[in-house]
Structures are given as structure tokens and as C-alpha cells.
$ cat protein.txt   # compact mmCIF, C-alpha atoms
# COMPACT_ATOMS: atom_id res chain seq x y z
CA MET A 284 168.89 95.10 18.52
CA ARG A 285 171.76 97.35 19.58
CA VAL A 286 173.91 96.07 16.73
CA PHE A 287 171.10 96.92 14.31
CA GLN A 288 170.79 100.45 15.71
CA LYS A 289 174.54 101.01 15.45
CA ARG A 290 174.47 99.87 11.85
CA ARG A 291 171.51 102.15 11.15
CA TYR A 292 173.32 105.15 12.66
CA LEU A 293 176.48 104.28 10.76
CA PHE A 294 174.51 103.94 7.52
CA ALA A 295 172.80 107.30 8.16
CA PHE A 296 176.19 108.90 8.85
CA ILE A 297 177.64 107.49 5.63
CA ILE A 298 174.65 108.72 3.59
CA THR A 299 174.84 112.20 5.19
CA ALA A 300 178.58 112.44 4.59
CA ALA A 301 178.16 111.26 1.00
CA ILE A 302 175.47 113.91 0.35
CA PHE A 303 177.68 116.58 1.92
CA PHE A 304 180.74 115.69 -0.16
CA ILE A 305 178.70 115.37 -3.35
CA GLY A 306 177.19 118.81 -2.71
CA PHE A 307 180.62 120.24 -1.93
CA PHE A 308 182.09 118.69 -5.08
CA PHE A 309 179.36 120.02 -7.37
CA GLY A 310 179.56 123.44 -5.69
CA PHE A 311 183.30 123.49 -6.27
CA LEU A 312 182.79 122.39 -9.87
CA MET A 313 180.23 125.16 -10.42
CA ASP A 314 182.67 127.75 -9.04
CA ILE A 315 185.34 126.56 -11.47
CA GLN A 316 182.85 126.83 -14.33
CA ARG A 317 181.85 130.33 -13.22
CA ALA A 318 185.49 131.37 -13.00
CA ASN A 319 186.10 130.03 -16.52
CA TYR A 320 183.02 131.91 -17.71
CA PHE A 321 184.30 135.21 -16.33
CA THR A 322 187.72 134.56 -17.81
CA ASP A 323 186.03 134.20 -21.21
CA MET A 324 183.96 137.31 -20.44
CA ASN A 325 187.09 139.33 -19.74
CA ASN A 326 188.67 138.10 -22.96
CA VAL A 327 185.62 139.34 -24.88
CA GLU A 328 185.90 142.72 -23.14
CA LYS A 329 189.55 142.94 -24.14
CA LEU A 330 188.61 142.24 -27.76
CA ASN A 331 185.88 144.90 -27.59
CA ILE A 332 188.38 147.42 -26.28
CA ARG A 333 190.96 146.58 -28.95
CA SER A 334 188.28 146.88 -31.63
CA LEU A 335 187.06 150.25 -30.33
CA GLU A 336 190.58 151.60 -30.05
CA LEU A 337 191.30 150.56 -33.63
CA GLN A 338 188.03 152.11 -34.83
CA GLN A 339 188.98 155.28 -33.01
CA GLN A 340 192.27 155.38 -34.86
CA PHE A 341 190.39 155.12 -38.14
CA LEU A 342 188.21 158.08 -37.18
CA LYS A 343 191.29 160.30 -37.33
CA ASP A 344 191.51 159.56 -41.04
CA ASN A 345 189.38 161.82 -43.26
CA THR A 346 188.09 158.74 -45.09
CA PHE A 347 186.24 157.67 -41.92
CA LYS A 348 185.36 161.10 -40.52
CA ASN A 349 181.62 160.59 -41.13
CA GLN A 350 181.47 157.29 -39.24
CA CYS A 351 181.03 158.75 -35.73
CA SER A 352 177.43 157.58 -35.39
CA ALA A 353 178.44 154.01 -36.28
CA PHE A 354 181.30 154.14 -33.79
CA ARG A 355 178.99 155.51 -31.09
CA PHE A 356 176.58 152.64 -31.72
CA MET A 357 179.35 150.07 -31.24
CA PHE A 358 180.66 151.93 -28.20
CA ASP A 359 177.22 152.01 -26.55
CA LYS A 360 176.76 148.30 -27.23
CA ALA A 361 180.10 147.49 -25.58
CA ILE A 362 179.27 149.72 -22.60
CA VAL A 363 175.98 147.89 -22.04
CA GLU A 364 177.85 144.57 -22.03
CA LEU A 365 180.38 145.99 -19.56
CA GLU A 366 177.57 147.06 -17.21
CA ASN A 367 175.88 143.67 -17.50
CA ASN A 368 179.16 142.01 -16.61
CA ARG A 369 179.31 144.05 -13.41
CA ASP A 370 175.91 142.68 -12.36
CA ARG A 371 177.10 139.16 -13.15
CA LEU A 372 180.22 139.69 -11.05
CA ASP A 373 178.18 140.92 -8.08
CA ASN A 374 175.87 137.90 -8.30
CA TYR A 375 178.87 135.60 -8.67
CA ASN A 376 180.46 136.98 -5.50
CA GLU A 377 177.22 136.53 -3.54
CA GLN A 378 176.38 133.02 -4.75
CA SER A 379 179.74 131.28 -4.99
CA LYS A 380 182.35 130.07 -2.55
CA VAL A 381 185.16 131.35 -4.74
CA LYS A 382 188.39 132.37 -3.07
CA GLN A 383 188.54 136.07 -2.28
CA ALA A 384 191.87 136.32 -4.10
CA ASP A 385 190.27 134.90 -7.26
CA PHE A 386 187.37 137.32 -7.04
CA GLU A 387 189.73 140.26 -6.54
CA LEU A 388 191.59 139.20 -9.68
CA LEU A 389 188.32 139.23 -11.63
CA MET A 390 187.47 142.64 -10.16
CA ARG A 391 190.90 143.94 -11.08
CA GLU A 392 190.44 142.84 -14.69
CA TYR A 393 186.97 144.39 -14.76
CA THR A 394 188.30 147.66 -13.31
CA ILE A 395 191.03 147.84 -15.97
CA SER A 396 188.30 147.37 -18.60
CA GLN A 397 186.33 150.24 -17.06
CA ILE A 398 189.34 152.56 -17.17
CA ASN A 399 189.99 151.57 -20.78
CA PHE A 400 186.40 152.48 -21.66
CA LEU A 401 186.79 155.78 -19.81
CA SER A 402 189.83 156.59 -21.93
CA ILE A 403 187.94 155.69 -25.13
CA ALA A 404 184.99 157.85 -23.99
CA ASN A 405 187.26 160.84 -23.38
CA ASN A 406 188.80 160.47 -26.84
CA LEU A 407 185.33 160.07 -28.35
CA LYS A 408 184.36 163.49 -27.00
CA ILE A 409 187.28 164.94 -28.96
CA SER A 410 187.02 163.02 -32.23
CA CYS A 411 183.19 162.84 -32.41
CA ALA A 412 181.94 165.87 -30.51
CA ASN A 413 178.56 165.93 -32.27
CA SER A 414 177.89 162.30 -31.33
CA SER A 415 179.09 162.54 -27.76
CA ASP A 416 176.38 164.12 -25.63
CA PHE A 417 177.19 162.06 -22.57
CA VAL A 418 178.70 162.71 -19.15
CA THR A 419 181.33 160.50 -17.56
CA VAL A 420 181.24 159.80 -13.83
CA LEU A 421 183.95 158.08 -11.83
CA TYR A 422 182.46 156.72 -8.62
CA PHE A 423 185.01 155.85 -5.94
CA TYR A 424 183.51 153.63 -3.26
CA SER A 425 184.67 151.49 -0.37
CA ASP A 426 183.30 148.86 2.01
CA GLN A 427 180.42 149.45 4.42
CA ALA A 428 182.70 150.09 7.40
CA THR A 429 184.69 152.77 5.57
CA CYS A 430 181.77 154.19 3.59
CA PRO A 431 178.33 153.87 5.26
CA SER A 432 176.73 156.15 2.65
CA CYS A 433 178.08 154.32 -0.42
CA ASP A 434 174.90 152.26 -0.83
CA ASN A 435 172.85 155.47 -0.90
CA GLN A 436 175.24 156.99 -3.43
CA ALA A 437 174.93 153.92 -5.63
CA THR A 438 171.12 154.23 -5.48
CA VAL A 439 171.31 157.86 -6.66
CA LEU A 440 173.60 156.90 -9.53
CA ASP A 441 171.33 154.00 -10.49
CA TYR A 442 168.45 156.50 -10.76
CA TYR A 443 170.36 158.61 -13.29
CA LYS A 444 171.52 155.57 -15.22
CA MET A 445 167.93 154.36 -15.50
CA HIS A 446 166.73 157.72 -16.84
CA LEU A 447 169.71 158.89 -18.89
CA LYS A 448 170.83 155.45 -20.12
CA GLN A 449 173.84 155.83 -22.45
CA ASN A 450 173.95 159.59 -21.90
CA ILE A 451 175.67 158.99 -18.58
CA LEU A 452 178.63 156.63 -18.24
CA ILE A 453 179.28 155.58 -14.67
CA PHE A 454 182.51 153.78 -13.80
CA ALA A 455 182.53 152.38 -10.26
CA ILE A 456 186.01 152.05 -8.76
CA ASN A 457 186.56 150.02 -5.60
CA GLU A 458 189.25 151.95 -3.75
CA LYS A 459 190.31 148.77 -1.93
CA LEU A 460 191.91 147.59 -5.18
CA ASP A 461 194.60 150.28 -4.94
CA LYS A 462 197.01 147.77 -3.36
CA SER A 463 196.68 145.26 -6.22
CA GLU A 464 195.94 147.52 -9.21
CA PRO A 465 198.30 150.47 -9.82
CA LEU A 466 195.74 152.23 -12.05
CA VAL A 467 193.38 152.61 -9.09
CA ALA A 468 196.17 154.06 -6.97
CA LEU A 469 197.08 156.40 -9.85
CA LEU A 470 193.50 157.67 -10.22
CA LYS A 471 193.19 158.22 -6.49
CA ASN A 472 196.39 160.23 -6.55
CA VAL A 473 195.45 162.26 -9.66
CA TYR A 474 192.07 163.28 -8.23
CA ASN A 475 193.29 163.43 -4.61
CA ILE A 476 190.67 160.91 -3.42
CA THR A 477 190.80 160.68 0.38
CA SER A 478 187.19 160.01 1.41
CA TYR A 479 184.32 157.86 0.20
CA PRO A 480 182.08 158.13 -1.63
CA THR A 481 183.66 160.56 -4.08
CA LEU A 482 182.39 161.38 -7.55
CA VAL A 483 184.49 162.71 -10.41
CA VAL A 484 182.14 164.24 -12.98
CA GLU A 485 183.97 165.27 -16.15
CA ASN A 486 187.18 165.75 -14.09
CA ASP A 487 185.44 167.85 -11.39
CA VAL A 488 185.77 166.22 -7.97
CA TYR A 489 182.85 166.01 -5.51
CA PRO A 490 183.86 164.37 -2.20
CA GLY A 491 181.22 163.00 0.12
CA TYR A 492 177.66 161.85 -0.51
CA VAL A 493 175.96 163.70 -3.38
CA ASP A 494 172.16 163.56 -3.15
CA LYS A 495 169.74 163.83 -6.07
CA ASN A 496 169.17 167.59 -5.76
CA ALA A 497 172.91 168.26 -5.78
CA MET A 498 173.42 165.82 -8.65
CA ASP A 499 170.75 167.60 -10.70
CA LYS A 500 172.69 170.85 -10.37
CA ILE A 501 175.97 169.15 -11.26
CA LEU A 502 174.56 167.53 -14.40
CA CYS A 503 172.10 170.17 -15.59
CA ASP A 504 174.40 172.30 -17.74
CA ARG A 505 176.64 169.49 -18.95
CA TYR A 506 174.35 168.33 -21.75
CA LYS A 507 173.90 169.97 -25.14
CA ALA A 508 170.64 168.35 -26.25
CA ASN A 509 167.50 169.97 -24.82
CA GLU A 510 165.78 166.60 -24.65
CA THR A 511 168.47 165.24 -22.34
CA ARG A 512 168.69 168.44 -20.28
CA SER A 513 164.95 168.41 -19.69
CA LEU A 514 165.29 165.07 -17.87
CA ILE A 515 167.61 166.73 -15.36
CA CYS A 516 166.81 170.44 -15.34
CA GLY A 517 163.03 170.13 -15.51
$ encode --input "protein.txt" --output "C-alpha cells"
Amino acid sequence: MRVFQKRRYLFAFIITAAIFFIGFFFGFLMDIQRANYFTDMNNVEKLNIRSLELQQQFLKDNTFKNQCSAFRFMFDKAIVELENNRDRLDNYNEQSKVKQADFELLMREYTISQINFLSIANNLKISCANSSDFVTVLYFYSDQATCPSCDNQATVLDYYKMHLKQNILIFAINEKLDKSEPLVALLKNVYNITSYPTLVVENDVYPGYVDKNAMDKILCDRYKANETRSLICG
């Protein structure tokens, strides 16, 4: 009887261990597949950026000077994809067991893409002024310990994104990447970012938490179209 019980316990242990290792293996395999997916995603973003930069060069030629609306359409489409990729990255970080170093590499690539889009947006305001009634916002944030009000700031920005859509371009920069990504360190130095959250709205710096009432005042006079202004100014 004792021998039978020992065998039963040993069998149960083997089954439990097998289930654990199978689960671990498939979890590891899924993380690899996710990582490959985001690598492909970043490659698509790089192609989008190269395409937009080339289109922007064409806009300087008189032959293409009337194509601003078409360029804006392509730009908005690429921006939407960039924002969707941020949501996917956040979900990936929460659901996977990926190494932190691997995730930071993905975030670094995503941040570089954001800064590229910011540069394209700034040039768009110059080359296609009539098709560029949008405001750019750089949002510098940090972790919960360093920035307890960053979640509240993100909620405020989400509100404006929901209402203004492509008329407000929000680029969220994790200040913790300044050690691995020189562009983040450069931006922090250029705008003298020393506290978090900090917003940079069209190159004007607003340190500390900016609530909705304050954000309304900041944005109100920055739009040309009355329809857009009415969403902010009332």
C-alpha cells in the first residue's frame, strides 16, 4: 500500500512538473513571437518615416505644392498606427515575461520613432501651413515613485486626444530612457526638464501637473479653425 502511495505521489509530481515546464515553454515561445512581432512593427514604422520624409522633400518642389492635403492624410494615418503601437507595447509589457532589457530596447526604438514624427510634424507646419491646424505636445513622464501625478497627467492628455483626435499630437517620453537613448537626454537638456510630469506645448515648457482648466487656457489660442477652438475655448 505504501509503495502504491509513493508511486502515486511520484506520478502526480511528474505530471505537475510536466505541466509547469510545458506552460513555461509555451509562455517563452509566445514572448519570442511577440518580440518578433514588435521588431516587424518597428520596421514598418521606419518605412513609414522614410516615406513621409521623402514625401516632405517632394513638397518643396513646386510640382507637388498642392499635395499638402494628401500628405496630411498619410501623416495622420501613420500617427494613428504609431499610437496603436504604444498601446500594444503597454499590453505586451504587462502580459509577457520578457526581459526588461528587451522591453527597454523596444521602447527606445518606439521613442526614436516618436521623435522622428515630431520632426516631420514641425516641418509640416512650415511646408503645409494651411493643412496643419494641430498642436504638438511632448509629455515627459517618469515612474510612479518619481512622478506620483503622472497617471493623472496622462488621463488629462487622453481626454484631449479623444476630443481633438489628429488636431493634437502627443508624444510621451519616458525620462528613464535618457541613459540608453541620447535623443531623450538631448531633449531633456534642450527644454531643461528637471521635474515630472512636464509638458512642452509648441516649444513652451510647463513643468508640473497641468490640470484640464490650465490645459484649456494653454491650448485655446493655438488653433486657427473655429470648429477646433470651440472644443477647447467653449
$ atom_distance --input "protein.txt" --atom1 "atom CA of A:Cys430" --atom2 "atom CA of A:Tyr479"
5.6 Å
$ atom_distance --input "protein.txt" --atom1 "atom CA of A:Arg512" --atom2 "atom CA of A:Gln436"
21.4 Å
$ residues_around --input "protein.txt" --residues "stretch 358-360 of chain A" --least-positions-apart "4" --cutoff "9 Å" --atoms "only C-alpha atoms" --output "PyMOL selection string"
chain A and resi 331+335+353-354+364-365+400+403-404+449
$ write_last_selection --input "protein.txt" --atoms "C-alpha atoms" --output "PDB file, keeping the file's coordinate frame"
ATOM      1  CA  ASN A 331     185.880 144.900 -27.590  1.00  0.00           C
ATOM      2  CA  LEU A 335     187.060 150.250 -30.330  1.00  0.00           C
ATOM      3  CA  ALA A 353     178.440 154.010 -36.280  1.00  0.00           C
ATOM      4  CA  PHE A 354     181.300 154.140 -33.790  1.00  0.00           C
ATOM      5  CA  GLU A 364     177.850 144.570 -22.030  1.00  0.00           C
ATOM      6  CA  LEU A 365     180.380 145.990 -19.560  1.00  0.00           C
ATOM      7  CA  PHE A 400     186.400 152.480 -21.660  1.00  0.00           C
ATOM      8  CA  ILE A 403     187.940 155.690 -25.130  1.00  0.00           C
ATOM      9  CA  ALA A 404     184.990 157.850 -23.990  1.00  0.00           C
ATOM     10  CA  GLN A 449     173.840 155.830 -22.450  1.00  0.00           C
TER      11      GLN A 449
END
$ atom_distance --input "protein.txt" --atom1 "atom CA of A:Ile476" --atom2 "atom CA of A:Glu458"
9.1 Å
$ residues_around --input "protein.txt" --residues "A:Lys448" --least-positions-apart "6" --cutoff "10 Å" --atoms "only C-alpha atoms" --output "ChimeraX atom specification"
/A:359,363,417,441-442
$ closest_residue --input "protein.txt" --among "A:Asn405, A:Val467, A:Val420, A:Glu366" --to "A:Tyr443" --atoms "all atoms listed in the file"
A:Val420
$ residues_around --input "protein.txt" --residues "A:Tyr492" --least-positions-apart "5" --cutoff "9 Å" --atoms "all atoms listed in the file" --output "PyMOL selection string"
chain A and resi 432-433+435-436+479-482
$ closest_residue --input "protein.txt" --among "A:Asp416, A:Val439, A:Tyr474, A:Leu421" --to "A:Asp504" --atoms "all atoms listed in the file"
A:Asp416
$ closest_residue --input "protein.txt" --among "A:Val418, A:Thr477, A:Asn472, A:Leu388" --to "A:Ile501" --atoms "all atoms listed in the file"
A:Val418
$ residues_around --input "protein.txt" --residues "A:Ser396" --least-positions-apart "3" --cutoff "10 Å" --atoms "all atoms listed in the file" --output "CSV table (one decimal) with C-alpha atoms, in the coordinates of the input"
chain,number,residue,atom,x,y,z
A,325,ASN,CA,187.1,139.3,-19.7
A,328,GLU,CA,185.9,142.7,-23.1
A,329,LYS,CA,189.6,142.9,-24.1
A,331,ASN,CA,185.9,144.9,-27.6
A,332,ILE,CA,188.4,147.4,-26.3
A,365,LEU,CA,180.4,146.0,-19.6
A,390,MET,CA,187.5,142.6,-10.2
A,391,ARG,CA,190.9,143.9,-11.1
A,392,GLU,CA,190.4,142.8,-14.7
A,393,TYR,CA,187.0,144.4,-14.8
A,399,ASN,CA,190.0,151.6,-20.8
A,400,PHE,CA,186.4,152.5,-21.7
A,401,LEU,CA,186.8,155.8,-19.8
A,402,SER,CA,189.8,156.6,-21.9
A,454,PHE,CA,182.5,153.8,-13.8
$ residues_around --input "protein.txt" --residues "A:Ala508" --least-positions-apart "2" --cutoff "12 Å" --atoms "only C-alpha atoms" --output "MDAnalysis selection string"
chainID A and resid 413:417 450 503:506 510:516
$ build_atoms --input "protein.txt" --residues "stretch 454-489 of chain A" --atoms "N, CA and C atoms" --output "PDB file, in the coordinates of the input"
ATOM      1  N   PHE A 454     181.466 154.763 -14.018  1.00  0.00           N
ATOM      2  CA  PHE A 454     182.510 153.780 -13.800  1.00  0.00           C
ATOM      3  C   PHE A 454     182.788 153.694 -12.302  1.00  0.00           C
ATOM      4  N   ALA A 455     182.399 152.567 -11.707  1.00  0.00           N
ATOM      5  CA  ALA A 455     182.530 152.380 -10.260  1.00  0.00           C
ATOM      6  C   ALA A 455     183.886 151.774  -9.928  1.00  0.00           C
ATOM      7  N   ILE A 456     184.650 152.475  -9.104  1.00  0.00           N
ATOM      8  CA  ILE A 456     186.010 152.050  -8.760  1.00  0.00           C
ATOM      9  C   ILE A 456     186.086 151.700  -7.280  1.00  0.00           C
ATOM     10  N   ASN A 457     186.382 150.458  -6.987  1.00  0.00           N
ATOM     11  CA  ASN A 457     186.560 150.020  -5.600  1.00  0.00           C
ATOM     12  C   ASN A 457     187.935 150.454  -5.115  1.00  0.00           C
ATOM     13  N   GLU A 458     187.962 151.390  -4.180  1.00  0.00           N
ATOM     14  CA  GLU A 458     189.250 151.950  -3.750  1.00  0.00           C
ATOM     15  C   GLU A 458     190.135 150.912  -3.061  1.00  0.00           C
ATOM     16  N   LYS A 459     189.537 149.815  -2.599  1.00  0.00           N
ATOM     17  CA  LYS A 459     190.310 148.770  -1.930  1.00  0.00           C
ATOM     18  C   LYS A 459     191.254 148.042  -2.898  1.00  0.00           C
ATOM     19  N   LEU A 460     191.048 148.237  -4.188  1.00  0.00           N
ATOM     20  CA  LEU A 460     191.910 147.590  -5.180  1.00  0.00           C
ATOM     21  C   LEU A 460     193.226 148.347  -5.383  1.00  0.00           C
ATOM     22  N   ASP A 461     193.405 149.463  -4.690  1.00  0.00           N
ATOM     23  CA  ASP A 461     194.600 150.280  -4.940  1.00  0.00           C
ATOM     24  C   ASP A 461     195.903 149.560  -4.581  1.00  0.00           C
ATOM     25  N   LYS A 462     195.802 148.530  -3.735  1.00  0.00           N
ATOM     26  CA  LYS A 462     197.010 147.770  -3.360  1.00  0.00           C
ATOM     27  C   LYS A 462     197.405 146.785  -4.456  1.00  0.00           C
ATOM     28  N   SER A 463     196.399 146.279  -5.203  1.00  0.00           N
ATOM     29  CA  SER A 463     196.680 145.260  -6.220  1.00  0.00           C
ATOM     30  C   SER A 463     196.689 145.821  -7.634  1.00  0.00           C
ATOM     31  N   GLU A 464     196.008 146.944  -7.864  1.00  0.00           N
ATOM     32  CA  GLU A 464     195.940 147.520  -9.210  1.00  0.00           C
ATOM     33  C   GLU A 464     196.484 148.943  -9.210  1.00  0.00           C
ATOM     34  N   PRO A 465     197.656 149.142  -9.809  1.00  0.00           N
ATOM     35  CA  PRO A 465     198.300 150.470  -9.820  1.00  0.00           C
ATOM     36  C   PRO A 465     197.446 151.565 -10.447  1.00  0.00           C
ATOM     37  N   LEU A 466     196.582 151.216 -11.417  1.00  0.00           N
ATOM     38  CA  LEU A 466     195.740 152.230 -12.050  1.00  0.00           C
ATOM     39  C   LEU A 466     194.779 152.863 -11.051  1.00  0.00           C
ATOM     40  N   VAL A 467     194.274 152.070 -10.111  1.00  0.00           N
ATOM     41  CA  VAL A 467     193.380 152.610  -9.090  1.00  0.00           C
ATOM     42  C   VAL A 467     194.136 153.576  -8.191  1.00  0.00           C
ATOM     43  N   ALA A 468     195.338 153.179  -7.786  1.00  0.00           N
ATOM     44  CA  ALA A 468     196.170 154.060  -6.970  1.00  0.00           C
ATOM     45  C   ALA A 468     196.504 155.354  -7.718  1.00  0.00           C
ATOM     46  N   LEU A 469     196.760 155.229  -9.029  1.00  0.00           N
ATOM     47  CA  LEU A 469     197.080 156.400  -9.850  1.00  0.00           C
ATOM     48  C   LEU A 469     195.891 157.357  -9.909  1.00  0.00           C
ATOM     49  N   LEU A 470     194.689 156.831 -10.153  1.00  0.00           N
ATOM     50  CA  LEU A 470     193.500 157.670 -10.220  1.00  0.00           C
ATOM     51  C   LEU A 470     193.217 158.356  -8.886  1.00  0.00           C
ATOM     52  N   LYS A 471     193.395 157.627  -7.802  1.00  0.00           N
ATOM     53  CA  LYS A 471     193.190 158.220  -6.490  1.00  0.00           C
ATOM     54  C   LYS A 471     194.166 159.368  -6.252  1.00  0.00           C
ATOM     55  N   ASN A 472     195.371 159.192  -6.722  1.00  0.00           N
ATOM     56  CA  ASN A 472     196.390 160.230  -6.550  1.00  0.00           C
ATOM     57  C   ASN A 472     196.104 161.435  -7.458  1.00  0.00           C
ATOM     58  N   VAL A 473     195.718 161.180  -8.703  1.00  0.00           N
ATOM     59  CA  VAL A 473     195.450 162.260  -9.660  1.00  0.00           C
ATOM     60  C   VAL A 473     194.310 163.152  -9.173  1.00  0.00           C
ATOM     61  N   TYR A 474     193.241 162.520  -8.669  1.00  0.00           N
ATOM     62  CA  TYR A 474     192.070 163.280  -8.230  1.00  0.00           C
ATOM     63  C   TYR A 474     192.067 163.570  -6.732  1.00  0.00           C
ATOM     64  N   ASN A 475     193.145 163.185  -6.046  1.00  0.00           N
ATOM     65  CA  ASN A 475     193.290 163.430  -4.610  1.00  0.00           C
ATOM     66  C   ASN A 475     192.089 162.865  -3.835  1.00  0.00           C
ATOM     67  N   ILE A 476     191.803 161.585  -4.067  1.00  0.00           N
ATOM     68  CA  ILE A 476     190.670 160.910  -3.420  1.00  0.00           C
ATOM     69  C   ILE A 476     191.092 160.452  -2.029  1.00  0.00           C
ATOM     70  N   THR A 477     190.453 161.022  -1.006  1.00  0.00           N
ATOM     71  CA  THR A 477     190.800 160.680   0.380  1.00  0.00           C
ATOM     72  C   THR A 477     189.611 160.247   1.214  1.00  0.00           C
ATOM     73  N   SER A 478     188.399 160.398   0.676  1.00  0.00           N
ATOM     74  CA  SER A 478     187.190 160.010   1.410  1.00  0.00           C
ATOM     75  C   SER A 478     186.216 159.355   0.447  1.00  0.00           C
ATOM     76  N   TYR A 479     185.247 158.635   1.037  1.00  0.00           N
ATOM     77  CA  TYR A 479     184.320 157.860   0.200  1.00  0.00           C
ATOM     78  C   TYR A 479     182.906 158.003   0.737  1.00  0.00           C
ATOM     79  N   PRO A 480     181.928 158.139  -0.175  1.00  0.00           N
ATOM     80  CA  PRO A 480     182.080 158.130  -1.630  1.00  0.00           C
ATOM     81  C   PRO A 480     182.664 159.434  -2.150  1.00  0.00           C
ATOM     82  N   THR A 481     183.237 159.372  -3.341  1.00  0.00           N
ATOM     83  CA  THR A 481     183.660 160.560  -4.080  1.00  0.00           C
ATOM     84  C   THR A 481     183.305 160.369  -5.541  1.00  0.00           C
ATOM     85  N   LEU A 482     182.720 161.407  -6.129  1.00  0.00           N
ATOM     86  CA  LEU A 482     182.390 161.380  -7.550  1.00  0.00           C
ATOM     87  C   LEU A 482     183.326 162.309  -8.307  1.00  0.00           C
ATOM     88  N   VAL A 483     183.733 161.866  -9.487  1.00  0.00           N
ATOM     89  CA  VAL A 483     184.490 162.710 -10.410  1.00  0.00           C
ATOM     90  C   VAL A 483     183.640 162.834 -11.664  1.00  0.00           C
ATOM     91  N   VAL A 484     183.034 164.000 -11.847  1.00  0.00           N
ATOM     92  CA  VAL A 484     182.140 164.240 -12.980  1.00  0.00           C
ATOM     93  C   VAL A 484     182.867 165.113 -13.989  1.00  0.00           C
ATOM     94  N   GLU A 485     183.230 164.519 -15.110  1.00  0.00           N
ATOM     95  CA  GLU A 485     183.970 165.270 -16.150  1.00  0.00           C
ATOM     96  C   GLU A 485     185.177 165.990 -15.543  1.00  0.00           C
ATOM     97  N   ASN A 486     185.932 165.260 -14.717  1.00  0.00           N
ATOM     98  CA  ASN A 486     187.180 165.750 -14.090  1.00  0.00           C
ATOM     99  C   ASN A 486     186.964 166.711 -12.926  1.00  0.00           C
ATOM    100  N   ASP A 487     185.714 167.054 -12.592  1.00  0.00           N
ATOM    101  CA  ASP A 487     185.440 167.850 -11.390  1.00  0.00           C
ATOM    102  C   ASP A 487     185.166 166.910 -10.232  1.00  0.00           C
ATOM    103  N   VAL A 488     185.814 167.144  -9.098  1.00  0.00           N
ATOM    104  CA  VAL A 488     185.770 166.220  -7.970  1.00  0.00           C
ATOM    105  C   VAL A 488     184.734 166.678  -6.936  1.00  0.00           C
ATOM    106  N   TYR A 489     183.883 165.734  -6.496  1.00  0.00           N
ATOM    107  CA  TYR A 489     182.850 166.010  -5.510  1.00  0.00           C
ATOM    108  C   TYR A 489     182.960 164.988  -4.372  1.00  0.00           C
TER     109      TYR A 489
END
